[in-house]
>>> print(open('final.cif').read())   # mmCIF, C-alpha atoms
data_run
#
loop_
_atom_site.group_PDB
_atom_site.id
_atom_site.type_symbol
_atom_site.label_atom_id
_atom_site.label_comp_id
_atom_site.auth_asym_id
_atom_site.auth_seq_id
_atom_site.Cartn_x
_atom_site.Cartn_y
_atom_site.Cartn_z
ATOM 1 C CA MET A 638 0.000 0.000 0.000
ATOM 2 C CA ARG A 639 2.709 2.438 1.025
ATOM 3 C CA THR A 640 4.830 1.400 -1.971
ATOM 4 C CA THR A 641 1.959 2.089 -4.367
ATOM 5 C CA ARG A 642 1.437 5.570 -2.940
ATOM 6 C CA LEU A 643 5.172 6.296 -3.136
ATOM 7 C CA PHE A 644 5.225 5.040 -6.733
ATOM 8 C CA LYS A 645 2.306 7.309 -7.688
ATOM 9 C CA THR A 646 3.980 10.301 -6.031
ATOM 10 C CA VAL A 647 7.245 9.669 -7.861
ATOM 11 C CA ILE A 648 5.419 9.301 -11.192
ATOM 12 C CA THR A 649 3.469 12.513 -10.534
ATOM 13 C CA TYR A 650 6.650 14.472 -9.808
ATOM 14 C CA LEU A 651 8.398 12.939 -12.787
ATOM 15 C CA LEU A 652 5.551 13.947 -15.127
ATOM 16 C CA LEU A 653 5.573 17.439 -13.631
ATOM 17 C CA MET A 654 9.320 17.741 -14.282
ATOM 18 C CA ILE A 655 8.885 16.553 -17.879
ATOM 19 C CA LEU A 656 6.146 19.150 -18.405
ATOM 20 C CA ILE A 657 8.298 21.959 -16.973
ATOM 21 C CA LEU A 658 11.304 20.952 -19.074
ATOM 22 C CA SER A 659 9.250 20.728 -22.265
ATOM 23 C CA LEU A 660 7.752 24.190 -21.707
ATOM 24 C CA ASN A 661 11.211 25.582 -21.010
ATOM 25 C CA SER A 662 12.668 23.996 -24.141
ATOM 26 C CA CYS A 663 9.869 25.556 -26.230
ATOM 27 C CA PHE A 664 10.738 28.963 -24.801
ATOM 28 C CA ILE A 665 14.430 28.448 -25.557
ATOM 29 C CA ALA A 666 13.700 27.237 -29.097
ATOM 30 C CA LYS A 667 11.454 30.267 -29.722
ATOM 31 C CA SER A 668 14.160 32.607 -28.474
ATOM 32 C CA ILE A 669 16.818 31.024 -30.685
ATOM 33 C CA GLU A 670 14.485 31.107 -33.690
ATOM 34 C CA ALA A 671 13.678 34.797 -33.055
ATOM 35 C CA LYS A 672 17.360 35.757 -33.244
ATOM 36 C CA HIS A 673 17.679 33.715 -36.413
ATOM 37 C CA ALA A 674 14.625 35.422 -37.964
ATOM 38 C CA ARG A 675 15.932 38.936 -37.198
ATOM 39 C CA ALA A 676 19.116 38.108 -39.046
ATOM 40 C CA GLU A 677 17.356 36.348 -41.951
ATOM 41 C CA PHE A 678 14.615 38.859 -42.787
ATOM 42 C CA THR A 679 16.882 41.572 -44.171
ATOM 43 C CA THR A 680 17.698 43.227 -47.471
ATOM 44 C CA GLU A 681 21.178 41.661 -47.332
ATOM 45 C CA ASN A 682 19.659 38.172 -47.180
ATOM 46 C CA LYS A 683 17.314 39.028 -50.044
ATOM 47 C CA ALA A 684 14.179 38.758 -47.893
ATOM 48 C CA ILE A 685 13.271 42.446 -48.299
ATOM 49 C CA PRO A 686 13.334 44.238 -51.663
ATOM 50 C CA PRO A 687 15.998 46.996 -51.769
ATOM 51 C CA SER A 688 13.359 49.427 -53.068
ATOM 52 C CA PHE A 689 10.913 48.659 -50.231
ATOM 53 C CA GLY A 690 9.776 51.869 -48.538
ATOM 54 C CA LYS A 691 11.009 54.262 -51.232
ATOM 55 C CA SER A 692 7.550 55.050 -52.555
ATOM 56 C CA ASN A 693 4.072 55.248 -51.103
ATOM 57 C CA THR A 694 2.876 51.750 -51.761
ATOM 58 C CA ILE A 695 0.338 49.658 -49.924
ATOM 59 C CA LEU A 696 1.529 46.285 -48.654
ATOM 60 C CA LEU A 697 -0.882 43.463 -49.485
ATOM 61 C CA CYS A 698 -0.868 40.708 -46.852
ATOM 62 C CA VAL A 699 -2.394 37.417 -47.928
ATOM 63 C CA LEU A 700 -4.826 35.698 -45.581
ATOM 64 C CA GLN A 701 -5.203 31.923 -45.827
ATOM 65 C CA GLY A 702 -8.789 31.455 -44.657
ATOM 66 C CA ARG A 703 -7.621 29.553 -41.588
ATOM 67 C CA ASN A 704 -8.103 31.255 -38.240
ATOM 68 C CA SER A 705 -5.039 29.433 -36.885
ATOM 69 C CA TYR A 706 -2.885 31.432 -39.319
ATOM 70 C CA ASP A 707 -4.941 34.542 -40.087
ATOM 71 C CA LYS A 708 -5.261 35.749 -36.488
ATOM 72 C CA PHE A 709 -1.461 35.755 -36.130
ATOM 73 C CA LEU A 710 -0.987 37.561 -39.445
ATOM 74 C CA LYS A 711 -3.493 40.266 -38.451
ATOM 75 C CA SER A 712 -1.805 40.721 -35.093
ATOM 76 C CA ALA A 713 1.737 40.757 -36.529
ATOM 77 C CA VAL A 714 0.896 43.400 -39.127
ATOM 78 C CA LYS A 715 -1.160 45.592 -36.800
ATOM 79 C CA LYS A 716 1.438 45.647 -34.017
ATOM 80 C CA ASN A 717 4.657 45.772 -36.057
ATOM 81 C CA TYR A 718 4.012 47.469 -39.407
ATOM 82 C CA LYS A 719 2.986 51.144 -39.397
ATOM 83 C CA GLY A 720 2.764 51.677 -43.158
ATOM 84 C CA GLU A 721 -0.384 51.216 -45.195
ATOM 85 C CA TYR A 722 -1.485 47.628 -45.686
ATOM 86 C CA ILE A 723 -4.515 45.650 -46.757
ATOM 87 C CA LEU A 724 -5.409 42.108 -45.752
ATOM 88 C CA ILE A 725 -6.584 40.149 -48.794
ATOM 89 C CA TYR A 726 -7.010 36.598 -50.060
ATOM 90 C CA SER A 727 -4.830 35.257 -52.863
ATOM 91 C CA TYR A 728 -7.706 35.331 -55.369
ATOM 92 C CA ASP A 729 -8.028 39.109 -54.750
ATOM 93 C CA LEU A 730 -4.650 39.659 -56.420
ATOM 94 C CA SER A 731 -6.157 39.010 -59.846
ATOM 95 C CA SER A 732 -9.067 41.414 -59.333
ATOM 96 C CA ASP A 733 -9.203 44.862 -60.943
ATOM 97 C CA LYS A 734 -9.195 46.463 -57.500
ATOM 98 C CA TYR A 735 -5.503 45.580 -56.964
ATOM 99 C CA SER A 736 -4.302 45.739 -60.577
ATOM 100 C CA ASP A 737 -2.296 48.966 -60.059
ATOM 101 C CA LYS A 738 1.153 47.473 -59.412
ATOM 102 C CA ASN A 739 2.651 50.862 -58.572
ATOM 103 C CA LYS A 740 0.180 51.359 -55.728
ATOM 104 C CA TYR A 741 -0.030 47.687 -54.633
ATOM 105 C CA ARG A 742 3.525 46.738 -55.439
ATOM 106 C CA TYR A 743 4.419 44.374 -52.582
ATOM 107 C CA VAL A 744 2.694 41.219 -51.385
ATOM 108 C CA PHE A 745 3.529 39.426 -48.135
ATOM 109 C CA ASP A 746 2.810 35.679 -48.164
ATOM 110 C CA TYR A 747 4.441 32.311 -47.492
ATOM 111 C CA ASN A 748 5.270 28.973 -49.043
ATOM 112 C CA SER A 749 5.099 25.766 -47.101
ATOM 113 C CA GLY A 750 8.571 24.621 -46.324
ATOM 114 C CA SER A 751 9.529 21.187 -45.142
ATOM 115 C CA SER A 752 7.401 18.973 -42.917
ATOM 116 C CA ILE A 753 8.640 16.659 -40.218
ATOM 117 C CA ALA A 754 6.470 13.803 -38.999
ATOM 118 C CA SER A 755 7.244 12.219 -35.649
ATOM 119 C CA THR A 756 5.791 9.234 -33.858
ATOM 120 C CA TYR A 757 6.049 9.100 -30.097
ATOM 121 C CA ARG A 758 5.724 5.910 -28.110
ATOM 122 C CA TYR A 759 4.678 6.121 -24.519
ATOM 123 C CA SER A 760 3.692 3.557 -21.986
ATOM 124 C CA SER A 761 1.572 3.756 -18.902
ATOM 125 C CA PRO A 762 2.699 2.301 -15.583
ATOM 126 C CA TYR A 763 -0.805 0.875 -15.275
ATOM 127 C CA SER A 764 -0.854 -0.961 -18.584
ATOM 128 C CA THR A 765 1.379 -3.299 -20.542
ATOM 129 C CA VAL A 766 0.167 -1.873 -23.879
ATOM 130 C CA ASN A 767 2.264 0.806 -25.595
ATOM 131 C CA SER A 768 0.472 3.790 -27.054
ATOM 132 C CA TYR A 769 1.566 5.870 -30.011
ATOM 133 C CA SER A 770 1.017 9.494 -30.903
ATOM 134 C CA ASN A 771 1.810 11.190 -34.213
ATOM 135 C CA ALA A 772 2.778 14.828 -34.683
ATOM 136 C CA THR A 773 3.641 16.766 -37.814
ATOM 137 C CA THR A 774 5.461 20.087 -37.877
ATOM 138 C CA THR A 775 5.263 22.138 -41.061
ATOM 139 C CA TYR A 776 7.725 24.956 -41.480
ATOM 140 C CA LYS A 777 6.856 28.163 -43.323
ATOM 141 C CA ARG A 778 9.002 30.225 -45.705
ATOM 142 C CA PHE A 779 7.797 33.825 -45.746
ATOM 143 C CA TYR A 780 8.453 36.154 -48.660
ATOM 144 C CA VAL A 781 7.692 39.534 -50.197
ATOM 145 C CA ASN A 782 6.680 39.535 -53.850
ATOM 146 C CA ASP A 783 7.593 42.669 -55.806
ATOM 147 C CA ARG A 784 4.804 42.656 -58.404
ATOM 148 C CA LEU A 785 6.321 45.513 -60.400
ATOM 149 C CA GLU A 786 9.640 43.679 -60.920
ATOM 150 C CA ASN A 787 7.940 40.262 -60.829
ATOM 151 C CA LYS A 788 10.502 39.069 -58.290
ATOM 152 C CA ILE A 789 10.139 37.192 -55.016
ATOM 153 C CA TYR A 790 12.343 38.156 -52.066
ATOM 154 C CA GLN A 791 12.756 35.239 -49.710
ATOM 155 C CA SER A 792 15.556 34.080 -47.463
ATOM 156 C CA GLY A 793 16.312 30.379 -47.332
ATOM 157 C CA ALA A 794 15.139 30.107 -43.734
ATOM 158 C CA GLU A 795 12.129 28.100 -42.580
ATOM 159 C CA PHE A 796 10.330 28.663 -39.300
ATOM 160 C CA GLY A 797 8.263 26.373 -37.097
ATOM 161 C CA PHE A 798 7.139 29.151 -34.731
ATOM 162 C CA PHE A 799 5.515 31.007 -37.619
ATOM 163 C CA ALA A 800 3.664 33.610 -35.526
ATOM 164 C CA ASN A 801 6.908 34.794 -33.985
ATOM 165 C CA ALA A 802 8.655 34.817 -37.364
ATOM 166 C CA MET A 803 5.835 36.902 -38.904
ATOM 167 C CA LYS A 804 6.131 39.518 -36.152
ATOM 168 C CA ILE A 805 9.848 39.832 -36.745
ATOM 169 C CA TYR A 806 9.461 39.985 -40.532
ATOM 170 C CA MET A 807 6.876 42.775 -40.178
ATOM 171 C CA ALA A 808 9.110 44.647 -37.729
ATOM 172 C CA ASN A 809 12.036 44.375 -40.166
ATOM 173 C CA LEU A 810 9.812 45.600 -43.021
ATOM 174 C CA GLU A 811 8.854 48.597 -40.870
ATOM 175 C CA ILE A 812 12.502 49.367 -40.112
ATOM 176 C CA GLU A 813 13.288 49.232 -43.831
ATOM 177 C CA ARG A 814 10.253 51.386 -44.680
ATOM 178 C CA GLN A 815 11.233 54.068 -42.158
ATOM 179 C CA SER A 816 14.855 54.111 -43.283
ATOM 180 C CA LYS A 817 13.931 55.475 -46.751
#
>>> encode(input="final.cif", output="structure tokens")
Amino acid sequence: MRTTRLFKTVITYLLLMILILSLNSCFIAKSIEAKHARAEFTTENKAIPPSFGKSNTILLCVLQGRNSYDKFLKSAVKKNYKGEYILIYSYDLSSDKYSDKNKYRYVFDYNSGSSIASTYRYSSPYSTVNSYSNATTTYKRFYVNDRLENKIYQSGAEFGFFANAMKIYMANLEIERQSK
């Protein structure tokens, strides 16, 4: 009886430690990725057009129709980019409303980068059967399309914490816009 209670207590503390370490490792990974994004999303790394910010253009930011992505895009642009912008869907790009490439020269969007699928095996102390869990991480490659030059500006970097990467990209676009 006493051994069972001790075993349960040890398991509880062990699970608590695993949870704390996993949350901490996420924070560390996010921090490392943020530094990487600041360095990647620059004119030197060909992620920002050299002419960005020289003229009064309106940045078009492409929504995906998925709240899991769109809410982060809206927040990133609103909080980090102070120039004019419009949130659109990709099909809006071909409409007459946005046909003026001098006014709507730049488009912010992403490509799906690589995906990593992982299978985790875990076992319960109360069962002899192993359980499996699958997880897939898809990385995103953000870019700015210069519609006037018909050229895409994109660094080679991919990001798993896409919301954080978007914020940094928008902040770097704002720095570039203000520097002109």
>>> atom_distance(input="final.cif", atom1="CA of Leu710 in chain A", atom2="CA of Asn771 in chain A")
27.0 Å
>>> resolve_selection(input="final.cif", expression="the PyMOL selection byres ((chain A and resi 778-780) around 12)", output="VMD selection string")
chain A and resid 674 677 to 680 682 to 686 697 to 699 710 743 to 752 775 to 777 781 to 783 788 to 807 810
>>> resolve_selection(input="final.cif", expression="the PyMOL selection byres ((chain A and resi 739) around 12)", output="list in words")
Phe689, Lys691, Ser692, Asn693, Thr694, Ile695, Leu696, Tyr735, Ser736, Asp737, Lys738, Lys740, Tyr741, Arg742, Tyr743, Asp783, Arg784, Leu785 and Glu786 of chain A
>>> atom_distance(input="final.cif", atom1="CA of Leu724 in chain A", atom2="CA of Asn809 in chain A")
18.5 Å
>>> atom_distance(input="final.cif", atom1="CA of Gly702 in chain A", atom2="CA of Ala808 in chain A")
23.3 Å
>>> decode(input="final.cif", residues="range 780-799 of chain A", atoms="N, CA and C atoms", output="tab-separated table (two decimals), in the first residue's frame")
chain	number	residue	atom	x	y	z
A	780	TYR	N	7.82	35.38	-47.59
A	780	TYR	CA	8.45	36.15	-48.66
A	780	TYR	C	7.67	37.42	-48.94
A	781	VAL	N	8.33	38.33	-49.66
A	781	VAL	CA	7.69	39.53	-50.20
A	781	VAL	C	7.83	39.46	-51.71
A	782	ASN	N	6.71	39.56	-52.39
A	782	ASN	CA	6.68	39.53	-53.85
A	782	ASN	C	6.62	40.98	-54.35
A	783	ASP	N	7.61	41.36	-55.16
A	783	ASP	CA	7.59	42.67	-55.81
A	783	ASP	C	6.87	42.48	-57.14
A	784	ARG	N	5.63	42.89	-57.21
A	784	ARG	CA	4.80	42.66	-58.40
A	784	ARG	C	5.27	43.50	-59.59
A	785	LEU	N	5.87	44.65	-59.32
A	785	LEU	CA	6.32	45.51	-60.40
A	785	LEU	C	7.53	44.90	-61.12
A	786	GLU	N	8.46	44.34	-60.35
A	786	GLU	CA	9.64	43.68	-60.92
A	786	GLU	C	9.40	42.20	-61.19
A	787	ASN	N	8.27	41.68	-60.72
A	787	ASN	CA	7.94	40.26	-60.83
A	787	ASN	C	9.06	39.40	-60.22
A	788	LYS	N	9.41	39.75	-58.98
A	788	LYS	CA	10.50	39.07	-58.29
A	788	LYS	C	10.10	38.78	-56.84
A	789	ILE	N	10.44	37.59	-56.40
A	789	ILE	CA	10.14	37.19	-55.02
A	789	ILE	C	11.40	37.33	-54.17
A	790	TYR	N	11.25	37.97	-53.02
A	790	TYR	CA	12.34	38.16	-52.07
A	790	TYR	C	12.08	37.24	-50.88
A	791	GLN	N	12.97	36.27	-50.74
A	791	GLN	CA	12.76	35.24	-49.71
A	791	GLN	C	14.11	34.71	-49.26
A	792	SER	N	14.33	34.70	-47.97
A	792	SER	CA	15.56	34.08	-47.46
A	792	SER	C	15.37	32.57	-47.51
A	793	GLY	N	16.40	31.83	-47.30
A	793	GLY	CA	16.31	30.38	-47.33
A	793	GLY	C	15.81	29.77	-46.04
A	794	ALA	N	15.51	30.61	-45.06
A	794	ALA	CA	15.14	30.11	-43.73
A	794	ALA	C	13.69	29.65	-43.66
A	795	GLU	N	13.47	28.62	-42.87
A	795	GLU	CA	12.13	28.10	-42.58
A	795	GLU	C	11.89	28.21	-41.08
A	796	PHE	N	10.63	28.44	-40.71
A	796	PHE	CA	10.33	28.66	-39.30
A	796	PHE	C	9.15	27.83	-38.84
A	797	GLY	N	9.33	27.16	-37.70
A	797	GLY	CA	8.26	26.37	-37.10
A	797	GLY	C	7.35	27.23	-36.24
A	798	PHE	N	7.93	28.22	-35.53
A	798	PHE	CA	7.14	29.15	-34.73
A	798	PHE	C	6.76	30.31	-35.65
A	799	PHE	N	5.81	30.06	-36.55
A	799	PHE	CA	5.52	31.01	-37.62
A	799	PHE	C	4.98	32.34	-37.12
